[in-house]
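J.: File input31.cif below, mmCIF, C-alpha atoms:
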```
data_run
loop_
_atom_site.label_atom_id
_atom_site.label_comp_id
_atom_site.auth_asym_id
_atom_site.auth_seq_id
_atom_site.Cartn_x
_atom_site.Cartn_y
_atom_site.Cartn_z
CA MET A 1 -3.72 -22.06 2.41
CA ARG A 2 -5.45 -25.13 3.81
CA VAL A 3 -9.08 -24.46 4.67
CA ASP A 4 -8.88 -26.67 7.77
CA LEU A 5 -6.58 -24.07 9.35
CA PHE A 6 -9.72 -21.97 9.81
CA ASP A 7 -11.78 -24.67 11.49
CA PHE A 8 -12.84 -24.66 15.14
CA ASP A 9 -15.45 -26.33 17.33
CA LEU A 10 -18.47 -24.19 18.08
CA PRO A 11 -21.12 -25.43 20.52
CA ASP A 12 -24.60 -25.20 19.06
CA GLU A 13 -25.86 -23.15 22.00
CA ARG A 14 -23.48 -20.31 21.09
CA ILE A 15 -25.59 -19.47 18.01
CA ALA A 16 -27.81 -16.46 18.77
CA LEU A 17 -31.43 -16.75 17.65
CA ARG A 18 -32.42 -13.22 18.72
CA PRO A 19 -30.42 -9.99 19.06
CA ALA A 20 -29.60 -8.24 22.31
CA VAL A 21 -32.15 -5.68 23.52
CA PRO A 22 -31.29 -2.83 23.29
CA ARG A 23 -29.01 -3.59 20.36
CA ASP A 24 -26.03 -1.69 21.76
CA THR A 25 -25.95 -3.81 24.95
CA ALA A 26 -24.44 -6.71 23.00
CA ARG A 27 -20.99 -7.75 24.16
CA LEU A 28 -17.89 -6.44 22.41
CA LEU A 29 -14.59 -8.32 22.41
CA VAL A 30 -11.73 -5.91 21.74
CA VAL A 31 -8.89 -7.67 19.91
CA ASN A 32 -5.64 -5.75 19.70
CA PRO A 33 -2.75 -8.00 18.63
CA ALA A 34 -0.42 -5.90 20.79
CA GLN A 35 -2.53 -6.21 23.97
CA THR A 36 -4.61 -8.67 25.94
CA LEU A 37 -8.23 -9.28 25.01
CA GLN A 38 -10.78 -6.93 26.57
CA ASP A 39 -14.41 -7.86 27.36
CA LYS A 40 -16.64 -4.83 26.82
CA ILE A 41 -20.10 -4.00 25.45
CA VAL A 42 -20.97 -2.18 22.23
CA GLN A 43 -21.87 0.96 24.19
CA ASP A 44 -18.14 1.20 25.07
CA LEU A 45 -17.17 1.67 21.40
CA PRO A 46 -16.67 5.48 21.61
CA SER A 47 -14.00 5.03 24.30
CA PHE A 48 -11.79 3.18 21.79
CA LEU A 49 -12.05 5.92 19.17
CA SER A 50 -10.62 9.42 18.93
CA PRO A 51 -11.89 12.72 17.53
CA GLY A 52 -11.33 12.70 13.78
CA ASP A 53 -11.67 8.92 13.40
CA ALA A 54 -14.32 7.77 10.93
CA LEU A 55 -16.74 4.86 10.95
CA VAL A 56 -17.73 3.45 7.56
CA PHE A 57 -21.16 1.83 7.35
CA ASN A 58 -22.83 -0.24 4.65
CA ASP A 59 -26.27 1.32 4.08
CA THR A 60 -27.70 -1.53 2.02
CA LYS A 61 -31.26 -2.56 2.86
CA VAL A 62 -32.43 -6.16 3.07
CA ILE A 63 -35.26 -7.03 0.69
CA PRO A 64 -37.75 -9.93 0.98
CA ALA A 65 -35.66 -12.12 -1.31
CA GLN A 66 -36.89 -15.55 -0.16
CA LEU A 67 -39.56 -16.87 -2.54
CA SER A 68 -41.60 -20.08 -2.61
CA GLY A 69 -43.41 -21.08 -5.75
CA LEU A 70 -44.61 -23.71 -8.19
CA ARG A 71 -42.65 -24.75 -11.26
CA TRP A 72 -44.74 -25.39 -14.35
CA ARG A 73 -43.46 -27.44 -17.29
CA GLU A 74 -45.48 -28.92 -20.13
CA GLY A 75 -45.76 -32.67 -19.72
CA LEU A 76 -44.48 -32.67 -16.12
CA GLY A 77 -46.96 -30.42 -14.37
CA GLN A 78 -46.00 -28.58 -11.19
CA ALA A 79 -43.39 -28.96 -8.48
CA GLN A 80 -42.60 -26.92 -5.36
CA VAL A 81 -39.39 -24.86 -5.44
CA ASP A 82 -37.79 -22.29 -3.14
CA VAL A 83 -35.42 -19.62 -4.38
CA THR A 84 -33.26 -17.00 -2.70
CA LEU A 85 -32.43 -14.03 -4.90
CA HIS A 86 -28.83 -12.94 -4.48
CA MET A 87 -27.84 -10.43 -7.20
CA ARG A 88 -29.86 -8.24 -9.51
CA ILE A 89 -28.45 -8.22 -13.04
CA ALA A 90 -31.17 -6.26 -14.87
CA GLN A 91 -34.39 -4.42 -14.09
CA ASP A 92 -36.32 -7.66 -14.61
CA SER A 93 -33.67 -10.28 -13.79
CA TRP A 94 -32.01 -11.78 -10.72
CA LYS A 95 -29.50 -14.50 -10.08
CA ALA A 96 -30.82 -16.84 -7.41
CA PHE A 97 -30.09 -20.07 -5.55
CA ALA A 98 -32.85 -22.66 -6.03
CA ARG A 99 -33.84 -25.64 -3.87
CA PRO A 100 -34.10 -28.27 -5.18
CA ALA A 101 -32.33 -27.00 -8.28
CA ARG A 102 -32.72 -30.35 -10.05
CA ARG A 103 -36.40 -29.54 -10.54
CA LEU A 104 -35.60 -26.58 -12.78
CA ALA A 105 -34.60 -26.41 -16.44
CA VAL A 106 -34.12 -23.51 -18.84
CA GLY A 107 -37.51 -22.37 -20.06
CA ASP A 108 -39.44 -23.48 -16.98
CA ARG A 109 -42.07 -21.09 -15.64
CA ILE A 110 -42.33 -20.45 -11.89
CA GLN A 111 -45.35 -18.94 -10.17
CA PHE A 112 -44.64 -17.13 -6.89
CA ASP A 113 -48.22 -16.35 -5.91
CA THR A 114 -49.04 -13.33 -8.16
CA LEU A 115 -45.46 -13.01 -9.46
CA HIS A 116 -44.21 -15.07 -12.41
CA ALA A 117 -40.72 -15.76 -13.74
CA THR A 118 -38.93 -17.79 -16.41
CA VAL A 119 -35.73 -19.77 -15.84
CA ALA A 120 -33.30 -18.20 -18.32
CA GLU A 121 -30.11 -19.98 -17.28
CA ARG A 122 -28.79 -22.66 -14.95
CA GLY A 123 -25.41 -22.36 -13.27
CA GLU A 124 -23.41 -24.35 -10.74
CA ALA A 125 -24.25 -25.09 -7.10
CA GLY A 126 -27.98 -24.55 -7.58
CA GLU A 127 -27.70 -21.11 -9.13
CA VAL A 128 -30.27 -20.00 -11.71
CA THR A 129 -31.06 -16.80 -13.57
CA LEU A 130 -34.69 -15.72 -13.36
CA VAL A 131 -36.41 -13.25 -15.70
CA PHE A 132 -39.61 -11.87 -14.18
CA ASP A 133 -42.73 -10.77 -16.03
CA VAL A 134 -42.54 -7.33 -14.39
CA SER A 135 -39.63 -4.96 -14.17
CA GLY A 136 -38.13 -2.10 -12.17
CA PRO A 137 -40.28 -0.61 -9.39
CA ALA A 138 -43.13 -2.97 -10.28
CA LEU A 139 -40.88 -5.95 -9.55
CA ASP A 140 -39.71 -4.37 -6.29
CA GLN A 141 -43.32 -3.90 -5.22
CA ALA A 142 -44.18 -7.50 -6.15
CA LEU A 143 -41.25 -8.87 -4.13
CA HIS A 144 -42.43 -6.97 -1.06
CA ALA A 145 -45.88 -8.48 -1.57
CA VAL A 146 -44.90 -12.16 -1.94
CA GLY A 147 -41.34 -12.48 -0.57
CA HIS A 148 -39.96 -13.14 2.89
CA ILE A 149 -36.90 -11.93 4.80
CA PRO A 150 -34.16 -14.51 4.09
CA LEU A 151 -32.91 -15.36 7.56
CA PRO A 152 -29.46 -16.98 7.63
CA PRO A 153 -29.70 -20.78 7.41
CA TYR A 154 -28.21 -21.29 10.88
CA ILE A 155 -31.18 -19.34 12.30
CA ALA A 156 -33.85 -20.51 9.86
CA SER A 157 -33.02 -24.15 10.64
CA LYS A 158 -33.91 -23.55 14.29
CA ARG A 159 -37.00 -21.34 14.05
CA GLY A 160 -39.26 -19.69 11.51
CA GLU A 161 -39.22 -16.08 10.42
CA ASP A 162 -41.63 -13.82 12.30
CA ALA A 163 -42.72 -10.17 12.30
CA GLN A 164 -39.94 -9.16 14.70
CA ASP A 165 -37.29 -10.20 12.19
CA SER A 166 -38.46 -7.50 9.77
CA ALA A 167 -37.13 -4.93 12.24
CA ASP A 168 -34.34 -6.93 13.87
CA TYR A 169 -32.70 -7.97 10.61
CA GLN A 170 -32.26 -4.40 9.34
CA THR A 171 -29.84 -1.67 10.39
CA ILE A 172 -31.34 1.62 11.58
CA TYR A 173 -29.60 3.42 8.69
CA ALA A 174 -30.55 0.98 5.89
CA ARG A 175 -31.40 3.00 2.79
CA GLU A 176 -30.42 1.36 -0.51
CA GLU A 177 -32.57 -1.70 -1.27
CA GLY A 178 -30.86 -4.73 -2.75
CA ALA A 179 -29.32 -6.96 -0.06
CA VAL A 180 -30.51 -10.46 0.74
CA ALA A 181 -28.49 -10.59 3.96
CA ALA A 182 -27.94 -7.87 6.54
CA PRO A 183 -24.53 -6.27 7.15
CA THR A 184 -24.78 -7.64 10.67
CA ALA A 185 -22.10 -5.60 12.47
CA GLY A 186 -24.33 -2.61 11.84
CA LEU A 187 -27.25 -4.21 13.67
CA HIS A 188 -25.66 -3.16 16.98
CA PHE A 189 -26.03 0.58 16.38
CA THR A 190 -28.78 2.66 17.97
CA PRO A 191 -29.68 6.37 17.89
CA ASP A 192 -28.22 6.68 21.40
CA LEU A 193 -24.91 5.15 20.31
CA PHE A 194 -24.81 7.47 17.28
CA ALA A 195 -25.31 10.43 19.64
CA GLN A 196 -22.40 9.28 21.82
CA LEU A 197 -20.18 8.90 18.77
CA ASP A 198 -21.12 12.40 17.65
CA LEU A 199 -20.12 13.75 21.08
CA ALA A 200 -16.80 11.92 20.74
CA GLY A 201 -16.09 13.67 17.43
CA VAL A 202 -16.24 10.46 15.38
CA GLU A 203 -17.37 10.84 11.77
CA ARG A 204 -19.89 8.60 9.99
CA HIS A 205 -19.69 7.79 6.29
CA PHE A 206 -21.63 5.38 4.10
CA VAL A 207 -20.96 2.97 1.26
CA THR A 208 -23.30 0.44 -0.34
CA LEU A 209 -22.58 -3.25 -0.90
CA HIS A 210 -25.61 -5.39 -1.63
CA VAL A 211 -24.84 -8.52 0.39
CA GLY A 212 -25.69 -11.70 -1.51
CA ALA A 213 -26.73 -15.16 -0.37
CA GLY A 214 -23.28 -16.37 -1.39
CA THR A 215 -22.05 -15.04 1.96
CA PHE A 216 -23.65 -18.11 3.56
CA LEU A 217 -22.17 -20.69 1.18
CA PRO A 218 -19.72 -23.08 2.84
CA VAL A 219 -16.15 -23.39 1.62
CA LYS A 220 -16.02 -26.91 0.20
CA ALA A 221 -12.53 -26.68 -1.29
CA GLU A 222 -9.54 -28.02 0.63
CA GLU A 223 -7.33 -25.08 -0.39
CA THR A 224 -8.41 -21.44 -0.22
CA GLN A 225 -7.22 -20.72 -3.76
CA ASP A 226 -9.74 -23.25 -5.08
CA HIS A 227 -12.78 -21.50 -3.57
CA LEU A 228 -14.96 -19.42 -5.90
CA MET A 229 -16.45 -16.26 -4.41
CA HIS A 230 -19.82 -15.00 -5.67
CA ALA A 231 -19.83 -11.40 -6.87
CA GLU A 232 -21.74 -8.65 -5.08
CA SER A 233 -22.54 -5.18 -6.44
CA GLY A 234 -21.56 -2.01 -4.62
CA TYR A 235 -20.96 1.72 -4.73
CA VAL A 236 -18.55 4.13 -3.03
CA PRO A 237 -19.83 7.72 -3.41
CA ALA A 238 -17.34 10.43 -4.35
CA ALA A 239 -18.18 12.34 -1.16
CA THR A 240 -17.33 9.30 0.98
CA ALA A 241 -14.06 8.70 -0.86
CA GLU A 242 -13.02 12.34 -0.44
CA ALA A 243 -13.95 12.39 3.25
CA LEU A 244 -12.02 9.21 4.02
CA ASN A 245 -8.97 10.45 2.12
CA ALA A 246 -9.10 13.56 4.31
CA VAL A 247 -9.34 11.43 7.46
CA LYS A 248 -6.19 9.57 6.47
CA ALA A 249 -4.37 12.77 5.51
CA ARG A 250 -4.83 14.27 8.97
CA GLY A 251 -3.86 11.08 10.80
CA GLY A 252 -7.31 9.82 11.71
CA ARG A 253 -8.29 6.16 11.63
CA ILE A 254 -10.81 4.47 9.33
CA VAL A 255 -13.00 1.94 11.14
CA ALA A 256 -14.94 -0.40 8.86
CA VAL A 257 -18.25 -1.49 10.36
CA GLY A 258 -18.63 -5.00 8.99
CA THR A 259 -16.71 -7.17 6.58
CA THR A 260 -18.92 -5.92 3.72
CA SER A 261 -17.77 -2.33 4.25
CA LEU A 262 -14.15 -3.49 4.43
CA ARG A 263 -14.37 -5.62 1.28
CA LEU A 264 -15.90 -2.74 -0.65
CA LEU A 265 -13.28 -0.24 0.54
CA GLU A 266 -10.51 -2.62 -0.47
CA SER A 267 -12.15 -3.15 -3.87
CA ALA A 268 -12.29 0.62 -4.46
CA ALA A 269 -8.81 1.47 -3.17
CA LEU A 270 -5.98 2.58 -5.41
CA PRO A 271 -2.51 1.01 -4.93
CA ASP A 272 -1.49 3.86 -2.58
CA GLY A 273 -4.57 3.27 -0.40
CA SER A 274 -6.46 6.35 -1.52
CA LEU A 275 -10.11 6.04 -2.48
CA ARG A 276 -12.13 7.31 -5.41
CA GLU A 277 -15.73 7.06 -6.48
CA TRP A 278 -16.34 3.47 -7.51
CA SER A 279 -19.22 1.24 -8.60
CA GLY A 280 -19.41 -2.27 -9.93
CA SER A 281 -19.26 -5.85 -8.73
CA THR A 282 -16.62 -7.35 -6.49
CA ASP A 283 -15.66 -10.92 -5.70
CA ILE A 284 -12.62 -9.99 -3.63
CA PHE A 285 -11.50 -12.92 -1.43
CA ILE A 286 -9.25 -11.89 1.46
CA THR A 287 -7.09 -14.46 3.22
CA PRO A 288 -3.95 -14.21 5.41
CA GLY A 289 -1.11 -12.59 3.53
CA TYR A 290 -3.35 -9.91 2.07
CA ARG A 291 -2.05 -6.34 2.62
CA PHE A 292 -4.86 -4.00 3.61
CA ARG A 293 -4.83 -0.48 2.17
CA THR A 294 -7.77 1.23 3.84
CA ALA A 295 -9.21 0.38 7.28
CA ASP A 296 -7.22 0.56 10.49
CA MET A 297 -9.89 -1.16 12.60
CA LEU A 298 -12.80 -3.50 11.91
CA MET A 299 -15.98 -4.03 13.90
CA THR A 300 -17.58 -7.35 13.04
CA ASN A 301 -19.63 -10.20 14.47
CA PHE A 302 -18.33 -13.72 15.17
CA HIS A 303 -18.25 -15.92 12.09
CA LEU A 304 -18.67 -19.53 11.00
CA PRO A 305 -15.83 -22.06 11.15
CA ARG A 306 -14.10 -22.53 7.77
CA SER A 307 -15.92 -19.46 6.39
CA THR A 308 -14.49 -16.80 4.08
CA LEU A 309 -15.34 -14.24 6.78
CA PHE A 310 -13.24 -15.97 9.44
CA MET A 311 -10.46 -16.06 6.84
CA LEU A 312 -10.87 -12.30 6.37
CA VAL A 313 -10.65 -11.44 10.07
CA SER A 314 -7.63 -13.76 10.36
CA ALA A 315 -5.99 -11.78 7.56
CA PHE A 316 -6.82 -8.53 9.36
CA SER A 317 -5.58 -9.33 12.87
CA GLY A 318 -3.56 -12.51 12.39
CA LEU A 319 -4.63 -16.17 12.33
CA GLU A 320 -3.19 -17.09 15.73
CA VAL A 321 -4.63 -13.93 17.29
CA MET A 322 -8.10 -14.71 15.97
CA GLN A 323 -7.89 -18.39 16.96
CA ALA A 324 -7.14 -17.26 20.52
CA ALA A 325 -9.87 -14.61 20.41
CA TYR A 326 -12.51 -17.08 19.23
CA ALA A 327 -11.44 -19.64 21.83
CA HIS A 328 -11.88 -16.93 24.48
CA ALA A 329 -15.25 -15.93 23.04
CA ILE A 330 -16.55 -19.50 23.10
CA ALA A 331 -15.28 -20.12 26.64
CA SER A 332 -16.78 -16.80 27.78
CA ASP A 333 -20.24 -17.47 26.32
CA TYR A 334 -20.19 -14.86 23.58
CA ARG A 335 -23.09 -15.19 21.14
CA PHE A 336 -22.19 -15.96 17.52
CA TYR A 337 -23.37 -15.05 14.01
CA SER A 338 -25.90 -12.56 12.67
CA TYR A 339 -27.81 -11.86 15.89
CA GLY A 340 -24.80 -12.39 18.12
CA ASP A 341 -22.18 -10.25 19.81
CA ALA A 342 -19.45 -8.16 18.19
CA SER A 343 -15.70 -7.79 18.11
CA LEU A 344 -13.55 -4.73 17.55
CA LEU A 345 -10.37 -5.72 15.73
CA TYR A 346 -7.16 -3.76 15.37
CA ARG A 347 -5.20 -4.40 12.19
CA SER A 348 -2.00 -6.32 12.71
CA GLU A 349 1.12 -4.69 11.40
CA PRO A 350 2.76 -6.60 8.52
#
```
Let me see the structure of the file written as structure tokens.

T.:
Amino acid sequence: MRVDLFDFDLPDERIALRPAVPRDTARLLVVNPAQTLQDKIVQDLPSFLSPGDALVFNDTKVIPAQLSGLRWREGLGQAQVDVTLHMRIAQDSWKAFARPARRLAVGDRIQFDTLHATVAERGEAGEVTLVFDVSGPALDQALHAVGHIPLPPYIASKRGEDAQDSADYQTIYAREEGAVAAPTAGLHFTPDLFAQLDLAGVERHFVTLHVGAGTFLPVKAEETQDHLMHAESGYVPAATAEALNAVKARGGRIVAVGTTSLRLLESAALPDGSLREWSGSTDIFITPGYRFRTADMLMTNFHLPRSTLFMLVSAFSGLEVMQAAYAHAIASDYRFYSYGDASLLYRSEP
């Protein structure tokens, strides 16, 4: 499909620079292809669910993956470089995006304060492979000492990171370290909202997909089939798979909280839609025409024009439906992107 089909005009002032306080007071646009749009708030979510439905959350935890350092090369001296880690490939190695990448060559040494790394490989679009001098938990500890929370570029270009972001840019249920971007639909949940969902008889289950910096990369191709997705690593526990299969068997609905949860469920699903324990990397790219096998509903934030995430929601609820929903959201002053408002999408019937 043509990428320009997923373009739209978004006023700059619609980009949220801070989240709603409390988190669950953010607005919620309910998009059911069979009904008119409904303007609600996140606290209204339980009223759209039924006893026996299940929410699926991504429990990945954002790490301080933004690093600034000095490149050292014999004969050339030092140069400033910034890197954003995006996928761990070994106990001592990460794939990362470097800026400016032209300053790096295989064999270069980079000093990030007290942490040192060697450039082991150069890829396309500024990607490099870094091998650090420490490994495992020692590397994790070093990253927490010298790294920074990697705010999305559309926020970082407008203001600097501060102490509040360490709390704001993390879900309350984050547990498994490894993400360099938050699963932002989950940022809206609070202990009070969890309590209301419990009273409504709605189950909660967890999967892990370590969101990579590739989620922010623009789609530069003119046709969707020419876009290359970056892989992200994830895990669906056996207990979660069994519980969700039971939900489906008794007629309950699966509600994916965030596109990351949905992408992981679809990666783990068997042809009949059932789930099993699964781990590995996924580069699944979902565009209109895709037939979903798992989730019946999707809660997600509002996404960038021409982005793979807007393509995904258009596949889920229909391109024309989502074009109309986004036009309504812009006209009604909804807040967009990571710290913005949310939508609750019903899956369109094929």

J.: Return the single residue from A:Leu17, A:Val180, A:Ile41, A:Leu10 that is closest to A:Lys158, with distances computed using all atoms listed in the file.

T.: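 For A:Lys158, the nearest of the given residues is A:Leu17.
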
J.: Given the choices A:Thr114, A:Ser279, A:Ser348, A:Ser338, which gets closest to A:Arg291 if the distance is worked out from only C-alpha atoms?

T.: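 Among the listed residues, A:Ser348 lies closest to A:Arg291.
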
J.: I would like the residues chosen by the PyMOL selection byres ((chain A and resi 144) around 12) on the shown file; could you give them as a ChimeraX atom specification?

T.: /A:62-67,112,114-115,137-143,145-149,166,177-178

J.: Report as a PyMOL selection string all protein, DNA and RNA residues lying within 12 Å of A:Phe316, evaluated on all atoms listed in the file, omitting residues in the same chain fewer than 6 positions from it.

T.: chain A and resi 31-33+256+259+262-263+286-300+309-310+322+344-350

J.: Dump as CSV the rows for residues of stretch 117-220 of chain A within 9 Å of stretch 231-249 of chain A: closest atom pair and distance in Å with one decimal, all atoms listed in the file counted, ordered by chain and rising residue number.

T.:
```
residue,atom,partner,partner_atom,distance
A:His205,CA,A:Thr240,CA,6.0
A:Phe206,CA,A:Thr240,CA,6.6
A:Val207,CA,A:Val236,CA,5.1
A:Thr208,CA,A:Tyr235,CA,5.1
A:Leu209,CA,A:Gly234,CA,4.1
A:His210,CA,A:Ser233,CA,5.7
A:Val211,CA,A:Glu232,CA,6.3
A:Gly212,CA,A:Glu232,CA,6.1
A:Gly214,CA,A:Ala231,CA,8.2
```

J.: Residues near A:Glu203, anyone? I mean within 9 Å using all atoms listed in the file, not counting same-chain ones fewer than 2 positions away, as a count of residues only.

T.: 10

J.: Nearest to A:Tyr337: which of A:Phe285, A:Tyr169, A:Phe189, A:Tyr154 is it, counting only C-alpha atoms?

T.: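 Of the candidates, the smallest distance to A:Tyr337 is held by A:Tyr154.
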
J.: Quick one: of A:Ser314, A:Glu320, A:Val21, A:Ala342, who's nearest to A:Phe302, counting all atoms listed in the file?

T.: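 Selected residue with least distance to A:Phe302: A:Ala342.
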
J.: What is the atom CA of A:Pro22-atom CA of A:Ser343 distance in Å, reported with one decimal?

T.: 17.2 Å

J.: Atom CA of A:Gly107 and atom CA of A:Pro153, how far apart in Å?

T.: 28.6 Å
